[in-house]
$ cat work-v2.cif   # mmCIF, C-alpha atoms
data_structure
#
loop_
_atom_site.label_atom_id
_atom_site.label_comp_id
_atom_site.auth_asym_id
_atom_site.auth_seq_id
_atom_site.Cartn_x
_atom_site.Cartn_y
_atom_site.Cartn_z
CA MET A 1007 0.00 0.00 0.00
CA THR A 1008 1.30 3.43 -0.91
CA THR A 1009 2.16 5.46 2.18
CA TYR A 1010 1.11 9.01 3.00
CA GLU A 1011 4.71 10.19 2.61
CA GLN A 1012 5.02 8.62 -0.83
CA VAL A 1013 1.79 10.16 -2.08
CA LEU A 1014 2.71 13.55 -0.62
CA SER A 1015 6.13 13.46 -2.29
CA PHE A 1016 4.47 12.61 -5.61
CA LEU A 1017 1.98 15.47 -5.15
CA ILE A 1018 4.74 17.99 -4.38
CA LYS A 1019 6.87 16.83 -7.32
CA ASN A 1020 4.04 17.20 -9.82
CA ALA A 1021 2.72 20.46 -8.39
CA LEU A 1022 6.17 22.06 -8.59
CA LYS A 1023 6.59 20.76 -12.14
CA GLU A 1024 3.21 22.20 -13.10
CA ASP A 1025 4.16 25.61 -11.71
CA THR A 1026 7.83 25.80 -12.70
CA GLY A 1027 7.84 24.28 -16.18
CA ASP A 1028 11.23 24.95 -17.78
CA GLY A 1029 12.18 27.44 -15.06
CA ASP A 1030 11.04 30.20 -12.69
CA HIS A 1031 12.09 32.92 -15.10
CA SER A 1032 10.85 35.74 -12.85
CA THR A 1033 13.38 34.70 -10.22
CA LEU A 1034 16.10 33.57 -12.63
CA SER A 1035 16.02 36.93 -14.36
CA CYS A 1036 16.73 39.12 -11.33
CA ILE A 1037 17.96 37.08 -8.33
CA SER A 1038 21.43 35.60 -7.97
CA PRO A 1039 21.42 31.79 -7.55
CA ASP A 1040 23.62 32.21 -4.46
CA ALA A 1041 21.37 34.77 -2.72
CA LYS A 1042 20.02 33.66 0.64
CA GLY A 1043 16.98 35.03 2.38
CA LYS A 1044 14.31 34.72 5.02
CA ALA A 1045 10.50 34.77 4.81
CA VAL A 1046 7.61 34.49 7.27
CA LEU A 1047 4.10 33.14 6.93
CA ARG A 1048 1.62 35.80 8.05
CA VAL A 1049 -1.96 35.03 9.08
CA LYS A 1050 -4.55 37.45 7.70
CA GLU A 1051 -7.73 35.69 8.85
CA ASP A 1052 -8.93 33.96 12.02
CA GLY A 1053 -9.43 30.21 11.85
CA ILE A 1054 -7.75 26.84 12.30
CA LEU A 1055 -4.24 26.49 10.90
CA ALA A 1056 -3.42 23.50 8.70
CA GLY A 1057 -0.58 22.59 6.36
CA MET A 1058 2.42 23.48 8.54
CA GLU A 1059 4.06 20.06 8.13
CA VAL A 1060 3.25 20.08 4.43
CA ALA A 1061 4.86 23.51 4.00
CA GLU A 1062 8.08 22.32 5.60
CA LYS A 1063 8.15 19.25 3.35
CA ILE A 1064 7.69 21.42 0.26
CA PHE A 1065 10.65 23.62 1.16
CA ARG A 1066 12.81 20.62 2.06
CA TYR A 1067 11.87 18.85 -1.19
CA VAL A 1068 13.56 21.69 -3.09
CA GLN A 1069 16.34 22.40 -0.57
CA PRO A 1070 16.83 19.76 2.15
CA GLY A 1071 18.97 22.06 4.30
CA VAL A 1072 16.47 24.89 4.81
CA VAL A 1073 16.02 26.26 8.32
CA PHE A 1074 12.31 26.01 9.09
CA THR A 1075 11.15 27.49 12.40
CA ALA A 1076 7.55 26.72 13.34
CA TYR A 1077 5.76 29.07 15.71
CA LYS A 1078 2.49 27.19 15.48
CA LYS A 1079 1.42 23.64 14.69
CA ASP A 1080 -1.33 22.04 12.65
CA GLY A 1081 -4.68 22.35 14.41
CA ASP A 1082 -3.81 25.50 16.35
CA GLU A 1083 -6.16 28.45 16.36
CA MET A 1084 -4.78 31.28 14.23
CA ARG A 1085 -5.51 34.97 14.59
CA ILE A 1086 -4.98 37.89 12.23
CA GLY A 1087 -1.40 39.10 12.58
CA ASP A 1088 0.04 35.79 13.82
CA THR A 1089 3.31 34.47 12.39
CA ALA A 1090 3.00 30.76 11.66
CA PHE A 1091 6.57 30.00 10.59
CA GLU A 1092 9.86 31.44 9.43
CA VAL A 1093 12.00 29.89 6.70
CA GLU A 1094 15.64 30.59 5.85
CA ALA A 1095 16.81 29.28 2.49
CA LYS A 1096 18.11 30.27 -0.92
CA VAL A 1097 15.91 33.02 -2.29
CA HIS A 1098 15.31 30.85 -5.36
CA THR A 1099 13.92 28.13 -3.09
CA ILE A 1100 11.61 30.52 -1.24
CA LEU A 1101 10.21 32.05 -4.41
CA GLN A 1102 9.83 28.72 -6.21
CA CYS A 1103 7.93 27.20 -3.28
CA GLU A 1104 5.92 30.26 -2.26
CA ARG A 1105 2.76 29.69 -4.29
CA LEU A 1106 2.58 25.94 -3.68
CA VAL A 1107 3.02 26.44 0.06
CA LEU A 1108 0.30 29.09 0.13
CA ASN A 1109 -2.09 27.14 -2.09
CA CYS A 1110 -1.80 24.10 0.17
CA MET A 1111 -1.97 25.97 3.47
CA GLN A 1112 -4.81 28.28 2.45
CA ARG A 1113 -6.93 25.42 1.15
CA MET A 1114 -6.14 23.14 4.08
CA SER A 1115 -6.73 25.87 6.68
CA GLY A 1116 -10.09 26.70 5.12
CA ILE A 1117 -11.15 23.05 5.33
CA ALA A 1118 -9.83 22.63 8.87
CA THR A 1119 -11.66 25.79 9.96
CA LEU A 1120 -15.01 24.63 8.56
CA THR A 1121 -14.50 21.08 9.86
CA ARG A 1122 -13.87 22.43 13.36
CA LYS A 1123 -17.20 24.27 13.24
CA TYR A 1124 -19.01 21.02 12.44
CA ALA A 1125 -17.01 18.98 14.95
CA ASP A 1126 -17.75 21.51 17.70
CA GLN A 1127 -21.47 20.87 17.20
CA LEU A 1128 -20.89 17.21 18.10
CA LYS A 1129 -19.21 17.81 21.44
CA GLY A 1130 -20.86 15.73 24.15
CA TYR A 1131 -22.42 13.32 21.66
CA HIS A 1132 -21.49 9.79 20.61
CA THR A 1133 -21.70 10.74 16.91
CA ARG A 1134 -18.52 11.36 14.93
CA LEU A 1135 -17.97 13.44 11.78
CA LEU A 1136 -16.84 11.83 8.51
CA ASP A 1137 -15.69 13.38 5.25
CA THR A 1138 -16.50 11.95 1.79
CA ARG A 1139 -14.89 11.35 -1.61
CA LYS A 1140 -16.22 14.71 -2.85
CA THR A 1141 -12.72 16.11 -3.19
CA THR A 1142 -10.53 17.93 -5.68
CA PRO A 1143 -8.86 15.45 -8.07
CA ASN A 1144 -5.21 14.86 -7.16
CA PHE A 1145 -5.54 16.88 -3.95
CA ARG A 1146 -7.60 14.44 -1.87
CA LEU A 1147 -4.66 13.49 0.34
CA LEU A 1148 -4.28 16.99 1.76
CA GLU A 1149 -7.99 17.81 1.82
CA LYS A 1150 -8.64 14.76 3.96
CA GLU A 1151 -5.60 15.53 6.10
CA ALA A 1152 -7.13 18.97 6.71
CA VAL A 1153 -10.38 17.34 7.84
CA ARG A 1154 -8.42 15.23 10.31
CA ILE A 1155 -6.58 18.31 11.58
CA GLY A 1156 -9.92 20.10 12.01
CA GLY A 1157 -11.36 17.32 14.18
CA GLY A 1158 -13.15 15.07 11.69
CA LEU A 1159 -12.51 11.45 10.73
CA ASN A 1160 -11.54 10.26 7.28
CA HIS A 1161 -14.02 7.98 5.55
CA ARG A 1162 -12.53 5.71 2.91
CA MET A 1163 -9.68 7.33 1.01
CA GLY A 1164 -10.84 5.89 -2.28
CA LEU A 1165 -12.57 3.00 -3.99
CA TYR A 1166 -9.95 0.60 -2.70
CA ASP A 1167 -10.17 0.65 1.10
CA MET A 1168 -13.86 -0.07 1.74
CA ILE A 1169 -16.77 -1.55 -0.19
CA MET A 1170 -19.56 1.01 -0.46
CA LEU A 1171 -22.70 -0.38 -2.08
CA LYS A 1172 -24.62 2.72 -3.14
CA ASP A 1173 -27.91 3.03 -4.98
CA ASN A 1174 -26.39 2.51 -8.44
CA HIS A 1175 -24.47 -0.60 -7.34
CA ILE A 1176 -27.64 -2.04 -5.84
CA ASP A 1177 -29.78 -1.21 -8.86
CA TYR A 1178 -27.26 -2.54 -11.39
CA CYS A 1179 -26.75 -5.72 -9.37
CA GLY A 1180 -30.46 -6.45 -9.01
CA GLY A 1181 -31.25 -5.61 -5.41
CA ILE A 1182 -29.94 -5.34 -1.88
CA GLU A 1183 -29.64 -9.05 -1.16
CA LYS A 1184 -27.80 -9.85 -4.41
CA ALA A 1185 -25.39 -6.96 -3.94
CA LEU A 1186 -24.61 -7.91 -0.34
CA ALA A 1187 -24.20 -11.59 -1.14
CA LYS A 1188 -21.78 -10.91 -3.99
CA ALA A 1189 -19.81 -8.31 -2.04
CA TYR A 1190 -19.49 -10.63 0.96
CA ALA A 1191 -18.28 -13.52 -1.21
CA TYR A 1192 -15.79 -11.20 -2.93
CA VAL A 1193 -14.35 -10.08 0.40
CA GLN A 1194 -13.97 -13.66 1.65
CA GLU A 1195 -12.17 -14.71 -1.52
CA LYS A 1196 -10.13 -11.65 -2.52
CA LYS A 1197 -9.93 -9.01 0.24
CA PRO A 1198 -10.35 -10.53 3.72
CA GLY A 1199 -11.03 -7.87 6.33
CA LEU A 1200 -12.36 -5.25 3.89
CA LYS A 1201 -15.46 -3.63 5.41
CA ILE A 1202 -18.78 -3.49 3.61
CA GLU A 1203 -21.12 -0.52 3.85
CA ILE A 1204 -24.50 -0.37 2.14
CA GLU A 1205 -26.77 2.55 1.42
CA THR A 1206 -30.42 2.42 2.41
CA ARG A 1207 -33.04 4.82 1.07
CA ASN A 1208 -36.06 3.97 3.19
CA MET A 1209 -37.25 1.84 6.12
CA ASP A 1210 -37.91 -1.15 3.91
CA ASP A 1211 -34.29 -1.10 2.76
CA VAL A 1212 -33.14 -0.98 6.38
CA LYS A 1213 -35.27 -3.98 7.29
CA ARG A 1214 -33.94 -5.97 4.34
CA VAL A 1215 -30.30 -5.28 5.23
CA VAL A 1216 -30.87 -6.18 8.88
CA ALA A 1217 -32.59 -9.41 7.88
CA PHE A 1218 -29.92 -10.40 5.36
CA GLY A 1219 -26.81 -9.29 7.23
CA LYS A 1220 -23.30 -9.51 5.74
CA ALA A 1221 -22.65 -5.76 6.07
CA ASN A 1222 -20.58 -3.86 8.60
CA ARG A 1223 -22.23 -0.45 8.32
CA ILE A 1224 -25.60 0.84 7.15
CA MET A 1225 -25.76 4.23 5.53
CA LEU A 1226 -29.05 6.00 6.13
CA ASP A 1227 -29.24 8.27 3.11
CA ASN A 1228 -31.37 11.41 3.27
CA PHE A 1229 -33.14 10.27 6.44
CA THR A 1230 -34.32 13.22 8.51
CA PRO A 1231 -33.51 13.48 12.23
CA GLU A 1232 -37.16 12.60 12.84
CA GLN A 1233 -36.88 9.39 10.78
CA LEU A 1234 -33.57 8.20 12.20
CA PRO A 1235 -34.80 6.91 15.59
CA GLU A 1236 -37.11 4.39 13.92
CA ALA A 1237 -34.30 3.17 11.66
CA LEU A 1238 -31.86 2.91 14.56
CA LYS A 1239 -34.42 0.93 16.54
CA ILE A 1240 -34.70 -1.57 13.67
CA ILE A 1241 -30.90 -1.85 13.42
CA ASN A 1242 -30.65 -2.24 17.22
CA GLY A 1243 -26.87 -1.90 17.40
CA LYS A 1244 -26.19 -4.84 15.08
CA PHE A 1245 -24.41 -2.67 12.51
CA GLU A 1246 -22.50 0.60 12.53
CA THR A 1247 -24.72 3.43 11.37
CA GLU A 1248 -24.03 6.49 9.25
CA ALA A 1249 -26.38 9.33 8.38
CA SER A 1250 -25.68 11.08 5.10
CA GLY A 1251 -27.31 13.72 2.94
CA GLY A 1252 -28.71 17.12 3.83
CA ILE A 1253 -26.61 17.53 6.98
CA THR A 1254 -25.68 21.14 7.74
CA LEU A 1255 -24.27 23.19 10.60
CA ASP A 1256 -27.84 24.06 11.54
CA ASN A 1257 -29.11 20.48 11.89
CA ILE A 1258 -26.04 18.34 12.66
CA ALA A 1259 -26.74 18.45 16.41
CA ALA A 1260 -30.25 17.13 15.76
CA TYR A 1261 -28.72 14.15 13.95
CA ALA A 1262 -26.27 13.58 16.80
CA GLN A 1263 -29.12 13.55 19.33
CA THR A 1264 -30.45 10.37 17.69
CA GLY A 1265 -27.31 8.44 18.65
CA VAL A 1266 -26.26 7.57 15.09
CA ASP A 1267 -22.59 6.50 15.00
CA TYR A 1268 -21.43 8.74 12.17
CA VAL A 1269 -22.57 11.67 10.08
CA SER A 1270 -20.86 12.18 6.71
CA VAL A 1271 -20.67 15.73 5.41
CA GLY A 1272 -19.13 16.42 2.00
CA ALA A 1273 -19.48 20.15 2.61
CA VAL A 1274 -16.53 20.24 5.01
CA ILE A 1275 -14.36 19.97 1.90
CA HIS A 1276 -16.33 21.20 -1.10
CA HIS A 1277 -17.92 24.18 0.68
CA ALA A 1278 -14.76 25.30 2.45
CA VAL A 1279 -13.34 28.72 1.55
CA SER A 1280 -9.55 29.09 1.49
CA ALA A 1281 -8.05 31.05 4.37
CA ASP A 1282 -6.12 34.29 3.80
CA LEU A 1283 -2.38 33.78 4.37
CA SER A 1284 0.72 35.40 2.90
CA LEU A 1285 4.43 34.67 2.67
CA LYS A 1286 6.50 37.82 3.11
CA ALA A 1287 10.20 38.44 2.61
CA VAL A 1288 12.15 39.54 5.68
CA LEU A 1289 14.81 42.09 4.77
CA THR A 1290 17.84 42.52 7.02
#

$ encode --input "work-v2.cif" --output "structure tokens"
Amino acid sequence: MTTYEQVLSFLIKNALKEDTGDGDHSTLSCISPDAKGKAVLRVKEDGILAGMEVAEKIFRYVQPGVVFTAYKKDGDEMRIGDTAFEVEAKVHTILQCERLVLNCMQRMSGIATLTRKYADQLKGYHTRLLDTRKTTPNFRLLEKEAVRIGGGLNHRMGLYDMIMLKDNHIDYCGGIEKALAKAYAYVQEKKPGLKIEIETRNMDDVKRVVAFGKANRIMLDNFTPEQLPEALKIINGKFETEASGGITLDNIAAYAQTGVDYVSVGAVIHHAVSADLSLKAVLT
């Protein structure tokens, strides 16, 4: 299995290649290759900071010997005017990495900030917050890392680490029982230990899954907080439960009050607004 570090290295490599092309000609044209400098990351908006470790890895990918001084860590509250880190390196390194560092940290901090707002609504409840696969292509690793930093849990990373039988799988396969039976047999033969989750759209679906078994988690899709207690009573603790669809900051506490195990909220990623940060040269 590919590790987080390997995927992050691949992401950094390709992002720098995308941005640099055949050279950072703005820097090459006016800055000596030997020039050294210092820069600081300034916070321009309140929120939750994320991407500190990623920023350091970006700088070190280009110049392993940079001096990176962190004044905050991932998950810390940030306030306007704060300094998050200071970096000393070749000026070419600082300028080449600047935009990638900011793009990652601004996006990640925006996601972490919104995630924290959702997670705070669940304090005192059994229910935990999950993200989804509604992510930016090729940036999922860091978007999901930002959710974790903000206080959420990562759902499956992709199509490979959990079986999720959604409405289209069920319909194409010919029904709940057929889909579950085939998925269960597949796991026993090819991927022992892989969990199976199945989507239910109404109470009849819930009853059929409970009667048939062979799943680990039941997704209750677009059930209202008023409908959930009946579904949870039918399930009776025999399966993990996840509410999904239509969950917002305004109603997430109502879902948690039902005792459902998880709520999945795609909005923590795709509705997040990037935070305002800047990287500024320090002149001595």

$ resolve_selection --input "work-v2.cif" --expression "the PyMOL selection byres ((chain A and resi 1122) around 12)" --output "mmCIF file with C-alpha atoms, in the frame of the given file"
data_model
loop_
_atom_site.group_PDB
_atom_site.id
_atom_site.type_symbol
_atom_site.label_atom_id
_atom_site.label_comp_id
_atom_site.auth_asym_id
_atom_site.auth_seq_id
_atom_site.Cartn_x
_atom_site.Cartn_y
_atom_site.Cartn_z
ATOM 1 C CA GLY A 1053 -9.430 30.210 11.850
ATOM 2 C CA ILE A 1054 -7.750 26.840 12.300
ATOM 3 C CA LEU A 1055 -4.240 26.490 10.900
ATOM 4 C CA ALA A 1056 -3.420 23.500 8.700
ATOM 5 C CA GLY A 1081 -4.680 22.350 14.410
ATOM 6 C CA ASP A 1082 -3.810 25.500 16.350
ATOM 7 C CA GLU A 1083 -6.160 28.450 16.360
ATOM 8 C CA SER A 1115 -6.730 25.870 6.680
ATOM 9 C CA GLY A 1116 -10.090 26.700 5.120
ATOM 10 C CA ILE A 1117 -11.150 23.050 5.330
ATOM 11 C CA ALA A 1118 -9.830 22.630 8.870
ATOM 12 C CA THR A 1119 -11.660 25.790 9.960
ATOM 13 C CA LEU A 1120 -15.010 24.630 8.560
ATOM 14 C CA THR A 1121 -14.500 21.080 9.860
ATOM 15 C CA LYS A 1123 -17.200 24.270 13.240
ATOM 16 C CA TYR A 1124 -19.010 21.020 12.440
ATOM 17 C CA ALA A 1125 -17.010 18.980 14.950
ATOM 18 C CA ASP A 1126 -17.750 21.510 17.700
ATOM 19 C CA GLN A 1127 -21.470 20.870 17.200
ATOM 20 C CA LEU A 1128 -20.890 17.210 18.100
ATOM 21 C CA LYS A 1129 -19.210 17.810 21.440
ATOM 22 C CA LEU A 1135 -17.970 13.440 11.780
ATOM 23 C CA ALA A 1152 -7.130 18.970 6.710
ATOM 24 C CA VAL A 1153 -10.380 17.340 7.840
ATOM 25 C CA ARG A 1154 -8.420 15.230 10.310
ATOM 26 C CA ILE A 1155 -6.580 18.310 11.580
ATOM 27 C CA GLY A 1156 -9.920 20.100 12.010
ATOM 28 C CA GLY A 1157 -11.360 17.320 14.180
ATOM 29 C CA GLY A 1158 -13.150 15.070 11.690
ATOM 30 C CA LEU A 1159 -12.510 11.450 10.730
ATOM 31 C CA LEU A 1255 -24.270 23.190 10.600
ATOM 32 C CA VAL A 1274 -16.530 20.240 5.010
ATOM 33 C CA ILE A 1275 -14.360 19.970 1.900
ATOM 34 C CA ALA A 1278 -14.760 25.300 2.450
#

$ closest_residue --input "work-v2.cif" --among "A:Ala1249, A:Ala1045, A:Ala1273, A:Ile1240" --to "Ile1100 (chain A)" --atoms "all atoms listed in the file"
A:Ala1045

$ residues_around --input "work-v2.cif" --residues "Gln1012 (chain A)" --least-positions-apart "5" --cutoff "12 Å" --atoms "all atoms listed in the file" --output "PDB file with C-alpha atoms, in the frame of the given file"
ATOM      1  CA  MET A1007       0.000   0.000   0.000  1.00  0.00           C
ATOM      2  CA  LEU A1017       1.980  15.470  -5.150  1.00  0.00           C
ATOM      3  CA  ILE A1018       4.740  17.990  -4.380  1.00  0.00           C
ATOM      4  CA  LYS A1019       6.870  16.830  -7.320  1.00  0.00           C
ATOM      5  CA  LYS A1063       8.150  19.250   3.350  1.00  0.00           C
ATOM      6  CA  LEU A1147      -4.660  13.490   0.340  1.00  0.00           C
TER       7      LEU A1147
END

$ atom_distance --input "work-v2.cif" --atom1 "CA of Arg1048 (chain A)" --atom2 "CA of Ser1284 (chain A)"
5.2 Å

$ resolve_selection --input "work-v2.cif" --expression "the PyMOL selection byres ((chain A and resi 1065-1069) around 10)" --output "list of chain:residue names"
A:Ser1015, A:Ile1018, A:Lys1019, A:Leu1022, A:Val1060, A:Ala1061, A:Glu1062, A:Lys1063, A:Ile1064, A:Pro1070, A:Gly1071, A:Val1072, A:Val1073, A:Phe1074, A:Val1093, A:Glu1094, A:Ala1095, A:Lys1096, A:His1098, A:Thr1099, A:Ile1100, A:Gln1102, A:Cys1103, A:Glu1104, A:Leu1106, A:Val1107

$ resolve_selection --input "work-v2.cif" --expression "the PyMOL selection byres ((chain A and resi 1183) around 8)" --output "ChimeraX atom specification"
/A:1181-1182,1184-1187,1214-1215,1218
